[in-house]
Amino acid sequence: MGCNHDCASCSGNCNGGEIQKLILNDKSSIKCIIGVLSGKGGVGKSLVTSLAASKLAQLGYKVGVLDADITGPSMARTFGIKDKAWQKEGLILPYTTQKGIKVISSNMLLENDDDPILWRGSMISSLVSQFYKDVLWEELDVLLIDMPPGTGDVSLTTFQMIPLDGLVIVTTPQELVSMIVKKSINMAETMNIPLLGVVENMSYVVCPTCNESIYIYGNKDNQEYYGHPILGKIPFDGELTRLVDGGKVEDFNKDYVDELVNQIQGKMRE
């Protein structure tokens, strides 16, 4: 948009209007890249990203997590990362978790975890690009990209410039959220990004007395979401909250996201 077709005066990464994909550094290779996206904040995309990464690592895959939610990062806290990122031979070194997951997040660049990042969209997109191409990922079977909510600059940059193999959409059961999440689905379809399916978070709560599942927002009992398969339904779970808040998401051993991981494995085998 707004292109004057004067390539000499443009800083964009395109070739006469054709967006060029980012190229990894020569010390890294990634077999499969999966984005995790939601239409709005607070629905649990970062939770799904960290759970999927942990499950895949438990299965023996070499996993990386790129926290593309630059202004609202949560991966460092979720995985209990307190170390700061540093460079070696011109490349950014990610943190390697206890289970071997390589993680990079903007909070690893800040002096204090609660310092705000007051950047405009172009600078945020530039950092996401740098996290992809200038991090020493080494050899990964799968890279999960935890994307910011919505359909703004970072999502557009990721869709256009990073070679995504698939996308997982995260939602909650409320109709209002569903309407907003549909915008992200439409964006992915418009830009020809394969949708693996949808994860429904905060789907229900299990009664501690009778073990009955209580659907606070209603139970649609559907297998599809706007024509895309439901990969899994995650309940409210106090244990999961405790582990995430304590930076120990890798210790979570329940099976809420098993089907999601099966779908990602299927995509990785293609």
# chains A, B, ... in the order shown; residues from 1 in each chain; ligands from 1

call {"tool": "residues_around", "arguments": {"residues": "Leu143 of chain A", "least_positions_apart": "2", "cutoff": "12 Å", "atoms": "only C-alpha atoms", "output": "NGL selection string"}}
result
:A and (28-36 or 49-50 or 52-53 or 56-57 or 61-68 or 101-104 or 131-132 or 135 or 137-141 or 145-146 or 162-167 or 264 or 268)

call {"tool": "residues_around", "arguments": {"residues": "Val198 of chain A", "least_positions_apart": "2", "cutoff": "7 Å", "atoms": "only C-alpha atoms", "output": "PyMOL selection string"}}
result
chain A and resi 168-170+200+225+228-231

call {"tool": "write_last_selection", "arguments": {"atoms": "C-alpha atoms", "output": "PDB file, in the first residue's frame"}}
result
ATOM      1  CA  VAL A 168      -3.008 -22.903  14.744  1.00  0.00           C
ATOM      2  CA  ILE A 169      -5.817 -20.574  15.823  1.00  0.00           C
ATOM      3  CA  VAL A 170      -6.675 -20.209  19.530  1.00  0.00           C
ATOM      4  CA  GLU A 200     -10.595 -23.891  22.232  1.00  0.00           C
ATOM      5  CA  TYR A 225     -14.897 -24.096  13.806  1.00  0.00           C
ATOM      6  CA  HIS A 228     -11.676 -25.959  10.386  1.00  0.00           C
ATOM      7  CA  PRO A 229     -11.187 -28.894  12.784  1.00  0.00           C
ATOM      8  CA  ILE A 230     -11.172 -28.472  16.546  1.00  0.00           C
ATOM      9  CA  LEU A 231      -7.741 -29.773  17.579  1.00  0.00           C
TER      10      LEU A 231
END

call {"tool": "residues_around", "arguments": {"residues": "Glu111 of chain A", "least_positions_apart": "6", "cutoff": "12 Å", "atoms": "only C-alpha atoms", "output": "list of chain:residue names"}}
result
A:Lys82, A:Asp83, A:Lys84, A:Ala85, A:Ile117

call {"tool": "atom_distance", "arguments": {"atom1": "atom CA of Leu91 of chain A", "atom2": "atom CA of Leu24 of chain A"}}
result
11.0 Å

call {"tool": "closest_residue", "arguments": {"among": "A:Gly90, A:Gly246, A:Pro149, A:Gly218", "to": "Asp69 of chain A", "atoms": "only C-alpha atoms"}}
result
A:Pro149

call {"tool": "residues_around", "arguments": {"residues": "Pro73 of chain A", "least_positions_apart": "6", "cutoff": "10 Å", "atoms": "only C-alpha atoms", "output": "PyMOL selection string"}}
result
chain A and resi 46+67+105-108+113+146-148

call {"tool": "select_by_dssp", "arguments": {"residues": "segment 51-266 of chain A", "states": "alpha helix (DSSP H)", "output": "VMD selection string"}}
result
chain A and resid 51 to 58 75 to 78 121 to 133 153 to 161 175 to 190 238 to 245 258 to 266

call {"tool": "residues_around", "arguments": {"residues": "Asn25 of chain A", "least_positions_apart": "2", "cutoff": "8 Å", "atoms": "only C-alpha atoms", "output": "PyMOL selection string"}}
result
chain A and resi 23+27-28+133-136

call {"tool": "write_last_selection", "arguments": {"atoms": "all heavy atoms", "output": "PDB file, in the first residue's frame"}}
result
ATOM      1  N   ILE A  23      15.771 -15.249   5.015  1.00  0.00           N
ATOM      2  CA  ILE A  23      16.691 -16.373   4.896  1.00  0.00           C
ATOM      3  C   ILE A  23      17.388 -16.594   6.232  1.00  0.00           C
ATOM      4  O   ILE A  23      17.936 -15.665   6.822  1.00  0.00           O
ATOM      5  CB  ILE A  23      17.730 -16.122   3.793  1.00  0.00           C
ATOM      6  CG1 ILE A  23      17.028 -15.943   2.438  1.00  0.00           C
ATOM      7  CG2 ILE A  23      18.735 -17.263   3.725  1.00  0.00           C
ATOM      8  CD1 ILE A  23      17.960 -15.572   1.306  1.00  0.00           C
ATOM      9  N   LYS A  27      24.065 -21.168   9.999  1.00  0.00           N
ATOM     10  CA  LYS A  27      24.325 -22.105  11.084  1.00  0.00           C
ATOM     11  C   LYS A  27      23.040 -22.692  11.664  1.00  0.00           C
ATOM     12  O   LYS A  27      23.075 -23.376  12.689  1.00  0.00           O
ATOM     13  CB  LYS A  27      25.127 -21.413  12.197  1.00  0.00           C
ATOM     14  CG  LYS A  27      26.529 -20.996  11.756  1.00  0.00           C
ATOM     15  CD  LYS A  27      27.317 -20.391  12.905  1.00  0.00           C
ATOM     16  CE  LYS A  27      28.725 -20.003  12.447  1.00  0.00           C
ATOM     17  NZ  LYS A  27      29.511 -19.397  13.558  1.00  0.00           N
ATOM     18  N   SER A  28      21.918 -22.408  11.021  1.00  0.00           N
ATOM     19  CA  SER A  28      20.621 -22.885  11.509  1.00  0.00           C
ATOM     20  C   SER A  28      19.830 -23.535  10.389  1.00  0.00           C
ATOM     21  O   SER A  28      19.985 -23.195   9.213  1.00  0.00           O
ATOM     22  CB  SER A  28      19.803 -21.723  12.094  1.00  0.00           C
ATOM     23  OG  SER A  28      20.481 -21.111  13.174  1.00  0.00           O
ATOM     24  N   LYS A 133      15.846 -14.736  11.659  1.00  0.00           N
ATOM     25  CA  LYS A 133      17.011 -14.975  10.803  1.00  0.00           C
ATOM     26  C   LYS A 133      18.359 -14.846  11.517  1.00  0.00           C
ATOM     27  O   LYS A 133      19.356 -15.398  11.052  1.00  0.00           O
ATOM     28  CB  LYS A 133      16.986 -14.041   9.585  1.00  0.00           C
ATOM     29  CG  LYS A 133      17.102 -12.564   9.903  1.00  0.00           C
ATOM     30  CD  LYS A 133      16.938 -11.718   8.632  1.00  0.00           C
ATOM     31  CE  LYS A 133      17.070 -10.234   8.917  1.00  0.00           C
ATOM     32  NZ  LYS A 133      18.417  -9.854   9.345  1.00  0.00           N
ATOM     33  N   ASP A 134      18.395 -14.140  12.651  1.00  0.00           N
ATOM     34  CA  ASP A 134      19.677 -13.866  13.300  1.00  0.00           C
ATOM     35  C   ASP A 134      19.845 -14.575  14.639  1.00  0.00           C
ATOM     36  O   ASP A 134      20.763 -14.242  15.401  1.00  0.00           O
ATOM     37  CB  ASP A 134      19.848 -12.357  13.514  1.00  0.00           C
ATOM     38  CG  ASP A 134      19.970 -11.604  12.196  1.00  0.00           C
ATOM     39  OD1 ASP A 134      20.394 -12.226  11.208  1.00  0.00           O
ATOM     40  OD2 ASP A 134      19.639 -10.402  12.156  1.00  0.00           O
ATOM     41  N   VAL A 135      18.989 -15.526  14.953  1.00  0.00           N
ATOM     42  CA  VAL A 135      19.130 -16.323  16.172  1.00  0.00           C
ATOM     43  C   VAL A 135      19.804 -17.644  15.823  1.00  0.00           C
ATOM     44  O   VAL A 135      19.508 -18.249  14.784  1.00  0.00           O
ATOM     45  CB  VAL A 135      17.758 -16.577  16.839  1.00  0.00           C
ATOM     46  CG1 VAL A 135      17.853 -17.647  17.918  1.00  0.00           C
ATOM     47  CG2 VAL A 135      17.219 -15.283  17.430  1.00  0.00           C
ATOM     48  N   LEU A 136      20.699 -18.093  16.677  1.00  0.00           N
ATOM     49  CA  LEU A 136      21.386 -19.362  16.451  1.00  0.00           C
ATOM     50  C   LEU A 136      20.469 -20.513  16.874  1.00  0.00           C
ATOM     51  O   LEU A 136      20.593 -21.071  17.961  1.00  0.00           O
ATOM     52  CB  LEU A 136      22.698 -19.404  17.244  1.00  0.00           C
ATOM     53  CG  LEU A 136      23.577 -20.649  17.037  1.00  0.00           C
ATOM     54  CD1 LEU A 136      24.008 -20.795  15.584  1.00  0.00           C
ATOM     55  CD2 LEU A 136      24.791 -20.593  17.965  1.00  0.00           C
TER      56      LEU A 136
END

call {"tool": "residues_around", "arguments": {"residues": "Phe252 of chain A", "least_positions_apart": "2", "cutoff": "8 Å", "atoms": "only C-alpha atoms", "output": "list in words"}}
result
Leu51, Leu240, Leu243, Lys248, Val249, Glu250 and Lys254 of chain A

call {"tool": "write_last_selection", "arguments": {"atoms": "all heavy atoms", "output": "PDB file, in the first residue's frame"}}
result
ATOM      1  N   LEU A  51       2.567 -25.215  25.726  1.00  0.00           N
ATOM      2  CA  LEU A  51       2.172 -26.610  25.946  1.00  0.00           C
ATOM      3  C   LEU A  51       2.567 -27.485  24.765  1.00  0.00           C
ATOM      4  O   LEU A  51       3.086 -28.596  24.939  1.00  0.00           O
ATOM      5  CB  LEU A  51       0.659 -26.703  26.175  1.00  0.00           C
ATOM      6  CG  LEU A  51       0.140 -26.220  27.526  1.00  0.00           C
ATOM      7  CD1 LEU A  51      -1.383 -26.239  27.531  1.00  0.00           C
ATOM      8  CD2 LEU A  51       0.681 -27.068  28.661  1.00  0.00           C
ATOM      9  N   LEU A 240      -2.416 -26.200  36.074  1.00  0.00           N
ATOM     10  CA  LEU A 240      -1.765 -25.628  34.906  1.00  0.00           C
ATOM     11  C   LEU A 240      -1.404 -24.169  35.163  1.00  0.00           C
ATOM     12  O   LEU A 240      -0.297 -23.721  34.838  1.00  0.00           O
ATOM     13  CB  LEU A 240      -2.685 -25.753  33.690  1.00  0.00           C
ATOM     14  CG  LEU A 240      -2.184 -25.156  32.377  1.00  0.00           C
ATOM     15  CD1 LEU A 240      -0.830 -25.719  31.996  1.00  0.00           C
ATOM     16  CD2 LEU A 240      -3.209 -25.394  31.275  1.00  0.00           C
ATOM     17  N   LEU A 243       1.673 -23.982  37.431  1.00  0.00           N
ATOM     18  CA  LEU A 243       2.919 -24.319  36.752  1.00  0.00           C
ATOM     19  C   LEU A 243       3.373 -23.211  35.812  1.00  0.00           C
ATOM     20  O   LEU A 243       4.565 -22.879  35.747  1.00  0.00           O
ATOM     21  CB  LEU A 243       2.754 -25.633  35.980  1.00  0.00           C
ATOM     22  CG  LEU A 243       2.644 -26.901  36.831  1.00  0.00           C
ATOM     23  CD1 LEU A 243       2.300 -28.102  35.954  1.00  0.00           C
ATOM     24  CD2 LEU A 243       3.929 -27.155  37.592  1.00  0.00           C
ATOM     25  N   LYS A 248       7.172 -23.278  35.103  1.00  0.00           N
ATOM     26  CA  LYS A 248       7.429 -24.710  34.999  1.00  0.00           C
ATOM     27  C   LYS A 248       6.426 -25.400  34.086  1.00  0.00           C
ATOM     28  O   LYS A 248       5.958 -26.504  34.356  1.00  0.00           O
ATOM     29  CB  LYS A 248       7.390 -25.343  36.388  1.00  0.00           C
ATOM     30  CG  LYS A 248       8.468 -24.805  37.324  1.00  0.00           C
ATOM     31  CD  LYS A 248       8.401 -25.471  38.694  1.00  0.00           C
ATOM     32  CE  LYS A 248       9.507 -24.965  39.598  1.00  0.00           C
ATOM     33  NZ  LYS A 248       9.459 -25.598  40.946  1.00  0.00           N
ATOM     34  N   VAL A 249       6.091 -24.748  32.978  1.00  0.00           N
ATOM     35  CA  VAL A 249       5.105 -25.325  32.063  1.00  0.00           C
ATOM     36  C   VAL A 249       5.562 -26.680  31.517  1.00  0.00           C
ATOM     37  O   VAL A 249       4.733 -27.537  31.183  1.00  0.00           O
ATOM     38  CB  VAL A 249       4.821 -24.341  30.911  1.00  0.00           C
ATOM     39  CG1 VAL A 249       6.027 -24.201  29.990  1.00  0.00           C
ATOM     40  CG2 VAL A 249       3.589 -24.767  30.114  1.00  0.00           C
ATOM     41  N   GLU A 250       6.884 -26.907  31.462  1.00  0.00           N
ATOM     42  CA  GLU A 250       7.392 -28.180  30.940  1.00  0.00           C
ATOM     43  C   GLU A 250       7.050 -29.359  31.847  1.00  0.00           C
ATOM     44  O   GLU A 250       7.138 -30.512  31.414  1.00  0.00           O
ATOM     45  CB  GLU A 250       8.909 -28.095  30.761  1.00  0.00           C
ATOM     46  CG  GLU A 250       9.337 -27.163  29.643  1.00  0.00           C
ATOM     47  CD  GLU A 250      10.838 -26.974  29.618  1.00  0.00           C
ATOM     48  OE1 GLU A 250      11.377 -26.350  30.549  1.00  0.00           O
ATOM     49  OE2 GLU A 250      11.481 -27.448  28.660  1.00  0.00           O
ATOM     50  N   LYS A 254      -0.625 -33.504  31.683  1.00  0.00           N
ATOM     51  CA  LYS A 254      -1.957 -33.950  31.292  1.00  0.00           C
ATOM     52  C   LYS A 254      -2.082 -33.946  29.766  1.00  0.00           C
ATOM     53  O   LYS A 254      -1.208 -33.464  29.052  1.00  0.00           O
ATOM     54  CB  LYS A 254      -3.024 -33.083  31.951  1.00  0.00           C
ATOM     55  CG  LYS A 254      -3.023 -33.208  33.471  1.00  0.00           C
ATOM     56  CD  LYS A 254      -4.126 -32.375  34.109  1.00  0.00           C
ATOM     57  CE  LYS A 254      -4.068 -32.446  35.625  1.00  0.00           C
ATOM     58  NZ  LYS A 254      -5.101 -31.599  36.281  1.00  0.00           N
TER      59      LYS A 254
END

call {"tool": "closest_residue", "arguments": {"among": "A:Gln223, A:Gln20, A:Thr241, A:Ser38", "to": "Ser178 of chain A", "atoms": "only C-alpha atoms"}}
result
A:Ser38

call {"tool": "residues_around", "arguments": {"residues": "Cys207 of chain A", "least_positions_apart": "4", "cutoff": "12 Å", "atoms": "only C-alpha atoms", "output": "PyMOL selection string"}}
result
chain A and resi 211-216+235-238

call {"tool": "write_last_selection", "arguments": {"atoms": "N, CA and C atoms", "output": "mmCIF file, in the first residue's frame"}}
result
data_model
loop_
_atom_site.group_PDB
_atom_site.id
_atom_site.type_symbol
_atom_site.label_atom_id
_atom_site.label_comp_id
_atom_site.auth_asym_id
_atom_site.auth_seq_id
_atom_site.Cartn_x
_atom_site.Cartn_y
_atom_site.Cartn_z
ATOM 1 N N ASN A 211 -16.485 -34.593 39.471
ATOM 2 C CA ASN A 211 -15.679 -34.790 38.260
ATOM 3 C C ASN A 211 -16.458 -34.508 36.970
ATOM 4 N N GLU A 212 -17.574 -33.820 37.086
ATOM 5 C CA GLU A 212 -18.368 -33.472 35.906
ATOM 6 C C GLU A 212 -17.771 -32.250 35.216
ATOM 7 N N SER A 213 -17.822 -32.243 33.894
ATOM 8 C CA SER A 213 -17.350 -31.086 33.124
ATOM 9 C C SER A 213 -18.463 -30.047 33.051
ATOM 10 N N ILE A 214 -18.152 -28.845 33.489
ATOM 11 C CA ILE A 214 -19.129 -27.760 33.497
ATOM 12 C C ILE A 214 -18.720 -26.741 32.439
ATOM 13 N N TYR A 215 -19.599 -26.522 31.471
ATOM 14 C CA TYR A 215 -19.304 -25.615 30.362
ATOM 15 C C TYR A 215 -19.862 -24.238 30.701
ATOM 16 N N ILE A 216 -19.008 -23.394 31.243
ATOM 17 C CA ILE A 216 -19.423 -22.077 31.728
ATOM 18 C C ILE A 216 -20.005 -21.227 30.604
ATOM 19 N N PRO A 235 -9.421 -27.020 29.445
ATOM 20 C CA PRO A 235 -10.282 -26.502 30.523
ATOM 21 C C PRO A 235 -9.567 -25.491 31.398
ATOM 22 N N PHE A 236 -10.329 -24.834 32.262
ATOM 23 C CA PHE A 236 -9.724 -24.109 33.371
ATOM 24 C C PHE A 236 -9.049 -25.149 34.268
ATOM 25 N N ASP A 237 -7.815 -24.901 34.654
ATOM 26 C CA ASP A 237 -7.085 -25.892 35.441
ATOM 27 C C ASP A 237 -6.137 -25.176 36.387
ATOM 28 N N GLY A 238 -6.399 -25.297 37.683
ATOM 29 C CA GLY A 238 -5.569 -24.620 38.671
ATOM 30 C C GLY A 238 -4.133 -25.084 38.663
#

call {"tool": "select_by_dssp", "arguments": {"residues": "segment 113-199 of chain A", "states": "strand (DSSP E)", "output": "PDB file with all heavy atoms, in the first residue's frame"}}
result
ATOM      1  N   GLU A 139      19.867 -26.811  14.638  1.00  0.00           N
ATOM      2  CA  GLU A 139      18.952 -27.705  13.919  1.00  0.00           C
ATOM      3  C   GLU A 139      17.667 -27.897  14.725  1.00  0.00           C
ATOM      4  O   GLU A 139      17.697 -28.396  15.845  1.00  0.00           O
ATOM      5  CB  GLU A 139      19.607 -29.062  13.671  1.00  0.00           C
ATOM      6  CG  GLU A 139      20.778 -29.013  12.705  1.00  0.00           C
ATOM      7  CD  GLU A 139      21.319 -30.399  12.398  1.00  0.00           C
ATOM      8  OE1 GLU A 139      20.672 -31.393  12.784  1.00  0.00           O
ATOM      9  OE2 GLU A 139      22.384 -30.481  11.772  1.00  0.00           O
ATOM     10  N   LEU A 140      16.539 -27.501  14.122  1.00  0.00           N
ATOM     11  CA  LEU A 140      15.240 -27.672  14.767  1.00  0.00           C
ATOM     12  C   LEU A 140      14.332 -28.543  13.906  1.00  0.00           C
ATOM     13  O   LEU A 140      14.332 -28.433  12.672  1.00  0.00           O
ATOM     14  CB  LEU A 140      14.555 -26.313  14.974  1.00  0.00           C
ATOM     15  CG  LEU A 140      15.185 -25.316  15.943  1.00  0.00           C
ATOM     16  CD1 LEU A 140      14.323 -24.058  16.009  1.00  0.00           C
ATOM     17  CD2 LEU A 140      15.369 -25.916  17.324  1.00  0.00           C
ATOM     18  N   VAL A 142      11.015 -28.358  14.639  1.00  0.00           N
ATOM     19  CA  VAL A 142       9.867 -27.458  14.533  1.00  0.00           C
ATOM     20  C   VAL A 142      10.138 -26.178  15.300  1.00  0.00           C
ATOM     21  O   VAL A 142      10.723 -26.190  16.385  1.00  0.00           O
ATOM     22  CB  VAL A 142       8.572 -28.132  15.062  1.00  0.00           C
ATOM     23  CG1 VAL A 142       8.710 -28.544  16.513  1.00  0.00           C
ATOM     24  CG2 VAL A 142       7.366 -27.227  14.875  1.00  0.00           C
ATOM     25  N   LEU A 143       9.748 -25.051  14.705  1.00  0.00           N
ATOM     26  CA  LEU A 143       9.770 -23.752  15.357  1.00  0.00           C
ATOM     27  C   LEU A 143       8.333 -23.290  15.526  1.00  0.00           C
ATOM     28  O   LEU A 143       7.586 -23.202  14.553  1.00  0.00           O
ATOM     29  CB  LEU A 143      10.546 -22.732  14.522  1.00  0.00           C
ATOM     30  CG  LEU A 143      10.539 -21.283  15.060  1.00  0.00           C
ATOM     31  CD1 LEU A 143      11.330 -21.191  16.367  1.00  0.00           C
ATOM     32  CD2 LEU A 143      11.109 -20.322  14.020  1.00  0.00           C
ATOM     33  N   LEU A 144       7.939 -23.008  16.768  1.00  0.00           N
ATOM     34  CA  LEU A 144       6.611 -22.472  17.057  1.00  0.00           C
ATOM     35  C   LEU A 144       6.734 -20.967  17.248  1.00  0.00           C
ATOM     36  O   LEU A 144       7.562 -20.503  18.034  1.00  0.00           O
ATOM     37  CB  LEU A 144       6.022 -23.109  18.311  1.00  0.00           C
ATOM     38  CG  LEU A 144       5.783 -24.628  18.245  1.00  0.00           C
ATOM     39  CD1 LEU A 144       5.338 -25.152  19.601  1.00  0.00           C
ATOM     40  CD2 LEU A 144       4.753 -24.965  17.189  1.00  0.00           C
ATOM     41  N   ILE A 145       5.919 -20.209  16.530  1.00  0.00           N
ATOM     42  CA  ILE A 145       5.941 -18.755  16.632  1.00  0.00           C
ATOM     43  C   ILE A 145       4.701 -18.297  17.378  1.00  0.00           C
ATOM     44  O   ILE A 145       3.577 -18.459  16.893  1.00  0.00           O
ATOM     45  CB  ILE A 145       6.018 -18.088  15.248  1.00  0.00           C
ATOM     46  CG1 ILE A 145       7.276 -18.553  14.498  1.00  0.00           C
ATOM     47  CG2 ILE A 145       6.013 -16.574  15.393  1.00  0.00           C
ATOM     48  CD1 ILE A 145       7.428 -17.934  13.125  1.00  0.00           C
ATOM     49  N   ASP A 146       4.907 -17.753  18.573  1.00  0.00           N
ATOM     50  CA  ASP A 146       3.813 -17.201  19.369  1.00  0.00           C
ATOM     51  C   ASP A 146       3.569 -15.778  18.895  1.00  0.00           C
ATOM     52  O   ASP A 146       4.321 -14.860  19.215  1.00  0.00           O
ATOM     53  CB  ASP A 146       4.197 -17.236  20.853  1.00  0.00           C
ATOM     54  CG  ASP A 146       3.092 -16.699  21.746  1.00  0.00           C
ATOM     55  OD1 ASP A 146       1.916 -16.876  21.388  1.00  0.00           O
ATOM     56  OD2 ASP A 146       3.401 -16.096  22.787  1.00  0.00           O
ATOM     57  N   GLY A 166       2.214 -23.934   8.598  1.00  0.00           N
ATOM     58  CA  GLY A 166       0.864 -24.089   9.094  1.00  0.00           C
ATOM     59  C   GLY A 166       0.588 -23.105  10.210  1.00  0.00           C
ATOM     60  O   GLY A 166       1.493 -22.464  10.748  1.00  0.00           O
ATOM     61  N   LEU A 167      -0.694 -23.000  10.552  1.00  0.00           N
ATOM     62  CA  LEU A 167      -1.138 -22.047  11.550  1.00  0.00           C
ATOM     63  C   LEU A 167      -2.170 -22.703  12.457  1.00  0.00           C
ATOM     64  O   LEU A 167      -3.058 -23.422  11.994  1.00  0.00           O
ATOM     65  CB  LEU A 167      -1.749 -20.824  10.855  1.00  0.00           C
ATOM     66  CG  LEU A 167      -2.014 -19.575  11.703  1.00  0.00           C
ATOM     67  CD1 LEU A 167      -0.700 -18.938  12.127  1.00  0.00           C
ATOM     68  CD2 LEU A 167      -2.843 -18.575  10.904  1.00  0.00           C
ATOM     69  N   VAL A 168      -2.029 -22.462  13.756  1.00  0.00           N
ATOM     70  CA  VAL A 168      -3.008 -22.903  14.744  1.00  0.00           C
ATOM     71  C   VAL A 168      -3.703 -21.667  15.298  1.00  0.00           C
ATOM     72  O   VAL A 168      -3.038 -20.709  15.710  1.00  0.00           O
ATOM     73  CB  VAL A 168      -2.335 -23.686  15.888  1.00  0.00           C
ATOM     74  CG1 VAL A 168      -3.340 -23.979  17.010  1.00  0.00           C
ATOM     75  CG2 VAL A 168      -1.743 -24.991  15.365  1.00  0.00           C
ATOM     76  N   ILE A 169      -5.036 -21.679  15.298  1.00  0.00           N
ATOM     77  CA  ILE A 169      -5.817 -20.574  15.823  1.00  0.00           C
ATOM     78  C   ILE A 169      -6.311 -20.942  17.218  1.00  0.00           C
ATOM     79  O   ILE A 169      -6.780 -22.054  17.447  1.00  0.00           O
ATOM     80  CB  ILE A 169      -7.029 -20.264  14.920  1.00  0.00           C
ATOM     81  CG1 ILE A 169      -6.571 -19.897  13.497  1.00  0.00           C
ATOM     82  CG2 ILE A 169      -7.878 -19.145  15.516  1.00  0.00           C
ATOM     83  CD1 ILE A 169      -5.912 -18.548  13.379  1.00  0.00           C
ATOM     84  N   VAL A 170      -6.210 -19.988  18.158  1.00  0.00           N
ATOM     85  CA  VAL A 170      -6.675 -20.209  19.530  1.00  0.00           C
ATOM     86  C   VAL A 170      -7.856 -19.297  19.807  1.00  0.00           C
ATOM     87  O   VAL A 170      -7.826 -18.102  19.473  1.00  0.00           O
ATOM     88  CB  VAL A 170      -5.560 -19.949  20.549  1.00  0.00           C
ATOM     89  CG1 VAL A 170      -6.055 -20.235  21.970  1.00  0.00           C
ATOM     90  CG2 VAL A 170      -4.330 -20.803  20.236  1.00  0.00           C
ATOM     91  N   THR A 171      -8.900 -19.856  20.426  1.00  0.00           N
ATOM     92  CA  THR A 171     -10.098 -19.082  20.739  1.00  0.00           C
ATOM     93  C   THR A 171     -10.665 -19.529  22.072  1.00  0.00           C
ATOM     94  O   THR A 171     -10.144 -20.446  22.711  1.00  0.00           O
ATOM     95  CB  THR A 171     -11.150 -19.250  19.626  1.00  0.00           C
ATOM     96  OG1 THR A 171     -12.252 -18.368  19.874  1.00  0.00           O
ATOM     97  CG2 THR A 171     -11.657 -20.682  19.555  1.00  0.00           C
ATOM     98  N   LEU A 195      -4.209 -23.667   7.450  1.00  0.00           N
ATOM     99  CA  LEU A 195      -4.734 -23.701   8.813  1.00  0.00           C
ATOM    100  C   LEU A 195      -4.816 -25.153   9.281  1.00  0.00           C
ATOM    101  O   LEU A 195      -5.535 -25.965   8.697  1.00  0.00           O
ATOM    102  CB  LEU A 195      -6.113 -23.056   8.865  1.00  0.00           C
ATOM    103  CG  LEU A 195      -6.138 -21.526   8.878  1.00  0.00           C
ATOM    104  CD1 LEU A 195      -7.561 -21.011   8.678  1.00  0.00           C
ATOM    105  CD2 LEU A 195      -5.576 -20.983  10.167  1.00  0.00           C
ATOM    106  N   LEU A 196      -4.072 -25.473  10.325  1.00  0.00           N
ATOM    107  CA  LEU A 196      -4.127 -26.823  10.868  1.00  0.00           C
ATOM    108  C   LEU A 196      -5.414 -27.059  11.636  1.00  0.00           C
ATOM    109  O   LEU A 196      -5.927 -28.182  11.677  1.00  0.00           O
ATOM    110  CB  LEU A 196      -2.933 -27.072  11.791  1.00  0.00           C
ATOM    111  CG  LEU A 196      -1.539 -26.897  11.194  1.00  0.00           C
ATOM    112  CD1 LEU A 196      -0.487 -27.302  12.212  1.00  0.00           C
ATOM    113  CD2 LEU A 196      -1.392 -27.687   9.917  1.00  0.00           C
ATOM    114  N   GLY A 197      -5.934 -26.010  12.266  1.00  0.00           N
ATOM    115  CA  GLY A 197      -7.159 -26.148  13.032  1.00  0.00           C
ATOM    116  C   GLY A 197      -7.203 -25.164  14.179  1.00  0.00           C
ATOM    117  O   GLY A 197      -6.380 -24.248  14.281  1.00  0.00           O
ATOM    118  N   VAL A 198      -8.164 -25.381  15.074  1.00  0.00           N
ATOM    119  CA  VAL A 198      -8.471 -24.437  16.141  1.00  0.00           C
ATOM    120  C   VAL A 198      -8.390 -25.138  17.496  1.00  0.00           C
ATOM    121  O   VAL A 198      -8.830 -26.274  17.641  1.00  0.00           O
ATOM    122  CB  VAL A 198      -9.877 -23.842  15.949  1.00  0.00           C
ATOM    123  CG1 VAL A 198     -10.235 -22.889  17.088  1.00  0.00           C
ATOM    124  CG2 VAL A 198      -9.981 -23.129  14.606  1.00  0.00           C
ATOM    125  N   VAL A 199      -7.805 -24.453  18.473  1.00  0.00           N
ATOM    126  CA  VAL A 199      -7.800 -24.920  19.864  1.00  0.00           C
ATOM    127  C   VAL A 199      -8.741 -24.030  20.668  1.00  0.00           C
ATOM    128  O   VAL A 199      -8.643 -22.800  20.607  1.00  0.00           O
ATOM    129  CB  VAL A 199      -6.388 -24.872  20.475  1.00  0.00           C
ATOM    130  CG1 VAL A 199      -6.439 -25.282  21.952  1.00  0.00           C
ATOM    131  CG2 VAL A 199      -5.446 -25.785  19.712  1.00  0.00           C
TER     132      VAL A 199
END

call {"tool": "closest_residue", "arguments": {"among": "A:Gly100, A:Pro116, A:Gly44, A:Gly121", "to": "Ser155 of chain A", "atoms": "only C-alpha atoms"}}
result
A:Gly121

call {"tool": "closest_residue", "arguments": {"among": "A:Met187, A:Leu93, A:Leu176, A:Leu47", "to": "Asp245 of chain A", "atoms": "only C-alpha atoms"}}
result
A:Leu47
